[in-house]
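*Asks:* My questions will all concern the structure given below.
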Amino acid sequence: MTPYVPPLDDIRFVLDRIAGPVALDGETVGAVLAEAGRFAAGVLAPLNAVGDREGCRLENGAVRTPRGFKEAYALLVEGGWPGLPFPEEAGGQGLPWALNAAVGELWNAANMAFTLCPLLTQGAVEAVLHHASDDLKAVYLEKLVSGAWTAAMCLTEPGAGSDVGALRTGAERDGEGRWRIRGQKVFITFGDHDMAPNVVHLVLARTPGAPQGTRGISLFLVPKFVPDAGGGLGARNDLRCLKLEHKLGIHGSPTCVVQYGDDAGALGFLVGREHGGMAAMFTMMNNARLGVGLEGLGVAERAYQGALAYARERVQGRTGGRPATLLDHADVRRMLLTMRARIAAMRALCLWASASADAAAKGDGEAAGRVALLTPIVKAWCTDLGCEVASLGVQVHGGMGYVEETGAAQPYRDARIAPIYEGTNGIQALDLATRKLGMANGALPAALFAALEGWLPGLPEPLREGLKAGLADARRATERLRADPDAPPAAATPYLRLMGGVVGAFLVARGAASASDTEGRDWPALARFTVNQLLPLDRAHLAAVLAEPGDLAVEAFAPDMPG
């Protein structure tokens with residue numbers, strides 16, 4: 001596998017010139033990125049193939065991670081990385097989310113399976129910060145912020161996948177007035193492992209007499225080991241990992257089936273108010289959705305680096321009377337440029353959304369609306385593209401991409417889970433096309449379109465007509481969905497793809513306008529390729545948005561097929 005080279009110049013260019021500068025001095029930003037890059041390339045990347053080959057094991061009820069993962073996690077904690085974006089009063093470093101997102105890209109590119117662990121803990125910290133009682137914070141917050149303990153999001157059940165309201169895990173009071181949890185959760189990433197001494201489960205459960213559906217759900221903090229009076233590890237809680245799933249990819253990440261309450265019931269602590277679990281859950285999930293978008297971006301970057309290195313070296317045919325490399329062939333260059341341009345757009349989108357989150361945290365209402373609108377696009381568009389770019393990486397390698405020795409197959413396999421994580425991409429599209437478009441009477445897309453239109457005079461003149469046309473298509477599609485309440489279910493996915501393509505093209509063009517001889521020199525070429533070659537494909541989704549919902553008719557399925 002080609003060694004991973006952290007794209008620090010690209011990331012810094014996007015932070016400084018496109019996303020909106022990070023509110024730190026340049027020396028600090030550079031130092032953080034450089035150290036994160038060293039950790040990614042020197043510690044995490046060498047373990048990526050190890051984790052893929054070895055996977056995780058369930059031995060005598062305990063989960064064992066691949067060789068080197070435990071030691072790498074200890075270095076992560078020692079470096080203070082888990083607390084990067086969290087308040088100093090909670091034990092964090094108080095640095096911007098945009099910088100944390102840049103670091104997240106590096107680590108996902110180096111080793112997505114490993115990086116899932118701190119990502120999930122990060123989401124749990126957000127839930128505890130915003131919803132837990134002071135007593136719970138006093139016991140758990142510093143441990144989670146520091147990474148001394150990790151966390152898992154425990155939402156999914158065998159009979160209730162995306163339909164969270166159908167969950168059956170229950171929480172009841174015991175004789176001492178404490179909550180006891182009983183039930184089973186599936187697909188729990190890092191639900192158990194050996195990298196940290198305690199794993200804190202954030203568990204959705206239903207209390208006695210709770211309303212049906214999502215209105216009756218509560219969130220509980222359920223530790224693997226219940227802390228003692230001094231805050232250290234106490235008794236083992238009544239929960240266990242029943243099995244590990246055998247998966248297409250991310251083999252280095254344990255995906256657990258967890259059983260609660262074989263005996264007295266797992267001791268749990270209510271987070272927030274009873275029946276208020278959905279609000280706390282969305283705090284976790286919205287954080288995680290931005291993080292999952294970074295997974296698509298990181299895996300795409302890793303696939304691109306491998307494909308480009310192979311294309312430069314692989315001799316195939318002749319051109320001009322001399323042996324040709326793959327890079328001499330126009331169609332291979334098209335594939336590589338597609339990978340590179342999509343990565344540029346994804347990176348700009350992820351960091352713009354994260355910089356907007358920083359502004360929103362300081363009271364910027366427009367930025368808060370932008371984060372709400374961009375979150376499903378970041379999650380769905382970037383993870384779909386992560387799969388597409390990784391697939392192109394295999395294609396550039398040809399037959400050698402389909403065998404494991406080149407390493408091209410692993411990003412393809414690893415990337416495939418990301419469109420499913422944290423609410424499938426179809427759910428993200430529905431959220432965008434219904435709830436987000438309806439918020440504040442349509443103010444969120446209107447503000448976004450106004451911002452993009454305001455950029456146009458400063459963008460390269462040859463690109464403006466294509467960008468204007470894309471913006472007009474996005475507006476027309478938005479008007480269609482807002483005018484017809486029956487349209488979104490069928491049109492949501494093409495609408496999200498259109499929006500991602502248009503916003504991404506504007507961001508890449510913004511990079512081209514900011515390029516110089518020393519920074520971002522390839523962005524003008526990337527912007528031309530994006531606007532002339534990729535944006536027309538993205539704009540084609542408008543036709544599907546405008547089509548009649550009846551095109552997705554049940555009778556279109558072959559009548560002689562079973563089911």
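Chains: A, B, ... in order of the structure tokens. Residues: from 1 per chain. Ligands: from 1, in order shown.
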Let's see if you can do this: from backbone DSSP, list all strand (DSSP E or B) residues in region 234-436 of chain A, as a ChimeraX atom specification.
*Replies:* /A:234-236,239-244,255-260,266-271,315-319,322-325
*Asks:* Any chance you can output those residues with N, CA and C atoms as an mmCIF file, in the first residue's frame?
*Replies:*
```cif
data_model
loop_
_atom_site.group_PDB
_atom_site.id
_atom_site.type_symbol
_atom_site.label_atom_id
_atom_site.label_comp_id
_atom_site.auth_asym_id
_atom_site.auth_seq_id
_atom_site.Cartn_x
_atom_site.Cartn_y
_atom_site.Cartn_z
ATOM 1 N N GLY A 234 -15.336 0.785 39.545
ATOM 2 C CA GLY A 234 -15.985 -0.008 40.570
ATOM 3 C C GLY A 234 -16.416 -1.349 40.019
ATOM 4 N N ALA A 235 -17.625 -1.758 40.370
ATOM 5 C CA ALA A 235 -18.126 -3.075 39.996
ATOM 6 C C ALA A 235 -18.469 -3.138 38.512
ATOM 7 N N ARG A 236 -18.320 -4.330 37.943
ATOM 8 C CA ARG A 236 -18.716 -4.565 36.557
ATOM 9 C C ARG A 236 -20.233 -4.480 36.458
ATOM 10 N N LEU A 239 -23.847 -5.831 31.791
ATOM 11 C CA LEU A 239 -23.907 -5.764 30.327
ATOM 12 C C LEU A 239 -22.751 -6.569 29.772
ATOM 13 N N ARG A 240 -22.940 -7.106 28.566
ATOM 14 C CA ARG A 240 -21.868 -7.900 27.965
ATOM 15 C C ARG A 240 -22.009 -7.905 26.452
ATOM 16 N N CYS A 241 -20.885 -8.124 25.793
ATOM 17 C CA CYS A 241 -20.866 -8.267 24.334
ATOM 18 C C CYS A 241 -21.140 -9.721 23.992
ATOM 19 N N LEU A 242 -22.225 -9.958 23.251
ATOM 20 C CA LEU A 242 -22.597 -11.321 22.886
ATOM 21 C C LEU A 242 -21.823 -11.818 21.676
ATOM 22 N N LYS A 243 -21.550 -10.922 20.718
ATOM 23 C CA LYS A 243 -20.852 -11.337 19.493
ATOM 24 C C LYS A 243 -20.295 -10.112 18.793
ATOM 25 N N LEU A 244 -19.361 -10.356 17.885
ATOM 26 C CA LEU A 244 -18.853 -9.332 16.988
ATOM 27 C C LEU A 244 -19.309 -9.653 15.576
ATOM 28 N N THR A 255 -17.646 -4.203 16.044
ATOM 29 C CA THR A 255 -19.073 -3.897 15.938
ATOM 30 C C THR A 255 -19.823 -4.941 16.761
ATOM 31 N N CYS A 256 -20.382 -4.526 17.884
ATOM 32 C CA CYS A 256 -20.828 -5.445 18.929
ATOM 33 C C CYS A 256 -22.346 -5.607 18.965
ATOM 34 N N VAL A 257 -22.769 -6.793 19.365
ATOM 35 C CA VAL A 257 -24.120 -7.017 19.864
ATOM 36 C C VAL A 257 -24.017 -6.979 21.386
ATOM 37 N N VAL A 258 -24.749 -6.072 22.017
ATOM 38 C CA VAL A 258 -24.616 -5.863 23.465
ATOM 39 C C VAL A 258 -25.916 -6.236 24.159
ATOM 40 N N GLN A 259 -25.801 -7.035 25.187
ATOM 41 C CA GLN A 259 -26.946 -7.447 25.995
ATOM 42 C C GLN A 259 -26.892 -6.731 27.344
ATOM 43 N N TYR A 260 -28.019 -6.138 27.740
ATOM 44 C CA TYR A 260 -28.142 -5.452 29.025
ATOM 45 C C TYR A 260 -29.136 -6.223 29.889
ATOM 46 N N ALA A 266 -28.757 -3.726 34.059
ATOM 47 C CA ALA A 266 -27.611 -2.819 33.993
ATOM 48 C C ALA A 266 -27.980 -1.487 34.633
ATOM 49 N N LEU A 267 -27.136 -1.013 35.527
ATOM 50 C CA LEU A 267 -27.387 0.258 36.195
ATOM 51 C C LEU A 267 -27.174 1.395 35.195
ATOM 52 N N GLY A 268 -28.200 2.254 35.070
ATOM 53 C CA GLY A 268 -28.126 3.378 34.149
ATOM 54 C C GLY A 268 -28.491 4.681 34.836
ATOM 55 N N PHE A 269 -28.000 5.774 34.276
ATOM 56 C CA PHE A 269 -28.239 7.099 34.848
ATOM 57 C C PHE A 269 -28.891 7.980 33.789
ATOM 58 N N LEU A 270 -30.029 8.539 34.125
ATOM 59 C CA LEU A 270 -30.810 9.321 33.167
ATOM 60 C C LEU A 270 -30.026 10.558 32.729
ATOM 61 N N VAL A 271 -29.955 10.762 31.420
ATOM 62 C CA VAL A 271 -29.323 11.955 30.840
ATOM 63 C C VAL A 271 -30.448 12.875 30.372
ATOM 64 N N VAL A 315 3.349 1.150 -16.311
ATOM 65 C CA VAL A 315 3.534 1.295 -17.758
ATOM 66 C C VAL A 315 2.433 0.520 -18.468
ATOM 67 N N GLN A 316 1.762 1.198 -19.396
ATOM 68 C CA GLN A 316 0.641 0.576 -20.103
ATOM 69 C C GLN A 316 0.571 1.170 -21.509
ATOM 70 N N GLY A 317 0.959 0.397 -22.533
ATOM 71 C CA GLY A 317 0.884 0.872 -23.912
ATOM 72 C C GLY A 317 2.027 1.826 -24.251
ATOM 73 N N ARG A 318 1.854 2.502 -25.379
ATOM 74 C CA ARG A 318 2.884 3.429 -25.844
ATOM 75 C C ARG A 318 2.212 4.720 -26.328
ATOM 76 N N THR A 319 2.944 5.805 -26.225
ATOM 77 C CA THR A 319 2.480 7.074 -26.761
ATOM 78 C C THR A 319 3.677 7.852 -27.277
ATOM 79 N N ARG A 322 7.054 6.054 -27.311
ATOM 80 C CA ARG A 322 7.714 5.674 -26.063
ATOM 81 C C ARG A 322 6.730 4.939 -25.170
ATOM 82 N N PRO A 323 7.243 4.170 -24.206
ATOM 83 C CA PRO A 323 6.327 3.518 -23.265
ATOM 84 C C PRO A 323 5.508 4.559 -22.511
ATOM 85 N N ALA A 324 4.238 4.255 -22.314
ATOM 86 C CA ALA A 324 3.329 5.188 -21.651
ATOM 87 C C ALA A 324 2.994 4.688 -20.248
ATOM 88 N N THR A 325 2.817 5.614 -19.321
ATOM 89 C CA THR A 325 2.262 5.269 -18.020
ATOM 90 C C THR A 325 0.753 5.458 -18.083
#
```
*Asks:* Give me the residues within 9 Å of Glu301 (chain A) as a ChimeraX atom specification, counting only C-alpha atoms and dropping any in the same chain fewer than 3 places off.
*Replies:* /A:7,105,109,296-298,304-306,339-340,343,386,389-390
*Asks:* Please, could you write that set of residues out with N, CA and C atoms as a PDB file, in the first residue's frame?
*Replies:*
```pdb
ATOM      1  N   PRO A   7      -2.094  15.702   3.534  1.00  0.00           N
ATOM      2  CA  PRO A   7      -2.167  16.853   2.618  1.00  0.00           C
ATOM      3  C   PRO A   7      -2.279  18.179   3.364  1.00  0.00           C
ATOM      4  N   GLU A 105      -9.992  14.627   9.453  1.00  0.00           N
ATOM      5  CA  GLU A 105      -9.727  14.133   8.101  1.00  0.00           C
ATOM      6  C   GLU A 105      -8.432  13.326   8.049  1.00  0.00           C
ATOM      7  N   ALA A 109      -8.275   9.330   7.107  1.00  0.00           N
ATOM      8  CA  ALA A 109      -7.513   8.879   5.948  1.00  0.00           C
ATOM      9  C   ALA A 109      -6.480   7.838   6.360  1.00  0.00           C
ATOM     10  N   GLY A 296     -15.899   9.954   4.852  1.00  0.00           N
ATOM     11  CA  GLY A 296     -15.941   9.872   3.390  1.00  0.00           C
ATOM     12  C   GLY A 296     -14.784  10.629   2.764  1.00  0.00           C
ATOM     13  N   LEU A 297     -14.510  11.822   3.281  1.00  0.00           N
ATOM     14  CA  LEU A 297     -13.412  12.640   2.773  1.00  0.00           C
ATOM     15  C   LEU A 297     -12.064  11.945   2.996  1.00  0.00           C
ATOM     16  N   GLY A 298     -11.821  11.458   4.206  1.00  0.00           N
ATOM     17  CA  GLY A 298     -10.531  10.857   4.515  1.00  0.00           C
ATOM     18  C   GLY A 298     -10.248   9.626   3.687  1.00  0.00           C
ATOM     19  N   TYR A 304      -7.239   8.201  -3.392  1.00  0.00           N
ATOM     20  CA  TYR A 304      -6.655   9.034  -4.447  1.00  0.00           C
ATOM     21  C   TYR A 304      -5.137   8.955  -4.431  1.00  0.00           C
ATOM     22  N   GLN A 305      -4.540   9.039  -3.260  1.00  0.00           N
ATOM     23  CA  GLN A 305      -3.082   8.991  -3.192  1.00  0.00           C
ATOM     24  C   GLN A 305      -2.550   7.673  -3.744  1.00  0.00           C
ATOM     25  N   GLY A 306      -3.209   6.571  -3.421  1.00  0.00           N
ATOM     26  CA  GLY A 306      -2.768   5.284  -3.933  1.00  0.00           C
ATOM     27  C   GLY A 306      -2.934   5.175  -5.439  1.00  0.00           C
ATOM     28  N   MET A 339     -11.479  12.341  -8.930  1.00  0.00           N
ATOM     29  CA  MET A 339     -11.166  12.067  -7.532  1.00  0.00           C
ATOM     30  C   MET A 339     -10.645  13.328  -6.841  1.00  0.00           C
ATOM     31  N   ARG A 340      -9.674  13.974  -7.466  1.00  0.00           N
ATOM     32  CA  ARG A 340      -9.041  15.152  -6.863  1.00  0.00           C
ATOM     33  C   ARG A 340     -10.021  16.303  -6.693  1.00  0.00           C
ATOM     34  N   ILE A 343     -12.591  15.562  -3.948  1.00  0.00           N
ATOM     35  CA  ILE A 343     -11.974  15.688  -2.631  1.00  0.00           C
ATOM     36  C   ILE A 343     -11.848  17.150  -2.245  1.00  0.00           C
ATOM     37  N   GLY A 386     -17.326   9.482  -1.107  1.00  0.00           N
ATOM     38  CA  GLY A 386     -16.242   8.653  -0.591  1.00  0.00           C
ATOM     39  C   GLY A 386     -16.256   7.277  -1.230  1.00  0.00           C
ATOM     40  N   VAL A 389     -15.298   7.728  -5.063  1.00  0.00           N
ATOM     41  CA  VAL A 389     -13.873   7.986  -5.258  1.00  0.00           C
ATOM     42  C   VAL A 389     -13.056   6.726  -4.963  1.00  0.00           C
ATOM     43  N   ALA A 390     -13.407   6.006  -3.908  1.00  0.00           N
ATOM     44  CA  ALA A 390     -12.700   4.757  -3.605  1.00  0.00           C
ATOM     45  C   ALA A 390     -12.892   3.735  -4.717  1.00  0.00           C
TER      46      ALA A 390
END
```
*Asks:* Neighbouring residues of region 369-385 of chain A were defined as those with any atom within 8 Å, considering only C-alpha atoms; residues of the same chain fewer than 2 positions away were excluded. Please report them as a ChimeraX atom specification.
*Replies:* /A:286,289-297,300,342,346,349-350,353-354,356-357,365-367,387-389,415,418-419,424-425,428-429,431-432,436-437,444-445,447-448,496-497,499-500
*Asks:* Excluding Glu35 (chain A) and its own-chain neighbours fewer than 6 positions away, which residues fall within 12 Å of it when counting only C-alpha atoms? Please give them as a compact mmCIF listing (two decimals) with N, CA and C atoms, in the first residue's frame.
*Replies:*
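Result file follows (around_13.txt):
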```txt
# COMPACT_ATOMS: atom_id res chain seq x y z
N PRO A 6 0.07 13.15 4.60
CA PRO A 6 -0.96 14.11 5.02
C PRO A 6 -0.96 15.35 4.11
N LEU A 8 -1.25 18.51 4.14
CA LEU A 8 -1.33 19.66 5.04
C LEU A 8 -1.49 20.97 4.28
N THR A 28 -0.01 28.49 15.59
CA THR A 28 -0.68 27.44 16.35
C THR A 28 -1.37 26.46 15.42
N VAL A 29 -2.09 26.97 14.43
CA VAL A 29 -2.77 26.10 13.47
C VAL A 29 -1.75 25.20 12.78
N ALA A 41 0.43 9.76 9.93
CA ALA A 41 1.31 9.03 9.02
C ALA A 41 2.21 8.04 9.74
N GLY A 42 2.67 8.41 10.94
CA GLY A 42 3.66 7.59 11.62
C GLY A 42 3.09 6.53 12.54
N VAL A 43 1.88 6.76 13.08
CA VAL A 43 1.30 5.82 14.04
C VAL A 43 0.06 5.12 13.49
N LEU A 76 -2.62 8.60 21.66
CA LEU A 76 -3.67 9.59 21.36
C LEU A 76 -4.05 10.35 22.62
N GLY A 79 -1.28 12.60 24.00
CA GLY A 79 -1.14 13.82 23.24
C GLY A 79 -2.25 14.82 23.47
N GLY A 80 -3.29 14.45 24.23
CA GLY A 80 -4.39 15.36 24.51
C GLY A 80 -5.35 15.56 23.35
N TRP A 81 -5.28 14.70 22.35
CA TRP A 81 -6.09 14.90 21.15
C TRP A 81 -7.60 14.77 21.37
N VAL A 103 -8.12 17.85 11.65
CA VAL A 103 -7.42 16.73 12.27
C VAL A 103 -8.17 15.43 12.01
N LEU A 106 -7.38 13.87 8.67
CA LEU A 106 -6.08 13.19 8.65
C LEU A 106 -6.18 11.80 9.26
N TRP A 107 -6.89 11.70 10.37
CA TRP A 107 -6.94 10.41 11.06
C TRP A 107 -7.85 9.42 10.35
```
*Asks:* Give the answer as one residue: which of A:Gly51, A:Gly26, A:Gly161, A:Gly213 has the shortest atom-to-atom distance to Thr115 (chain A), using only C-alpha atoms?
*Replies:*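 The answer is A:Gly51, which sits nearest to Thr115 (chain A).
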*Asks:* Let me make sure I understand: among A:Leu326, A:Met439, A:Ala138, A:Ile427, which one has the smallest atom-to-atom distance to Gly398 (chain A) if we use only C-alpha atoms?
*Replies:*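 Of A:Leu326, A:Met439, A:Ala138, A:Ile427, the one nearest Gly398 (chain A) is A:Leu326, counting only C-alpha atoms.
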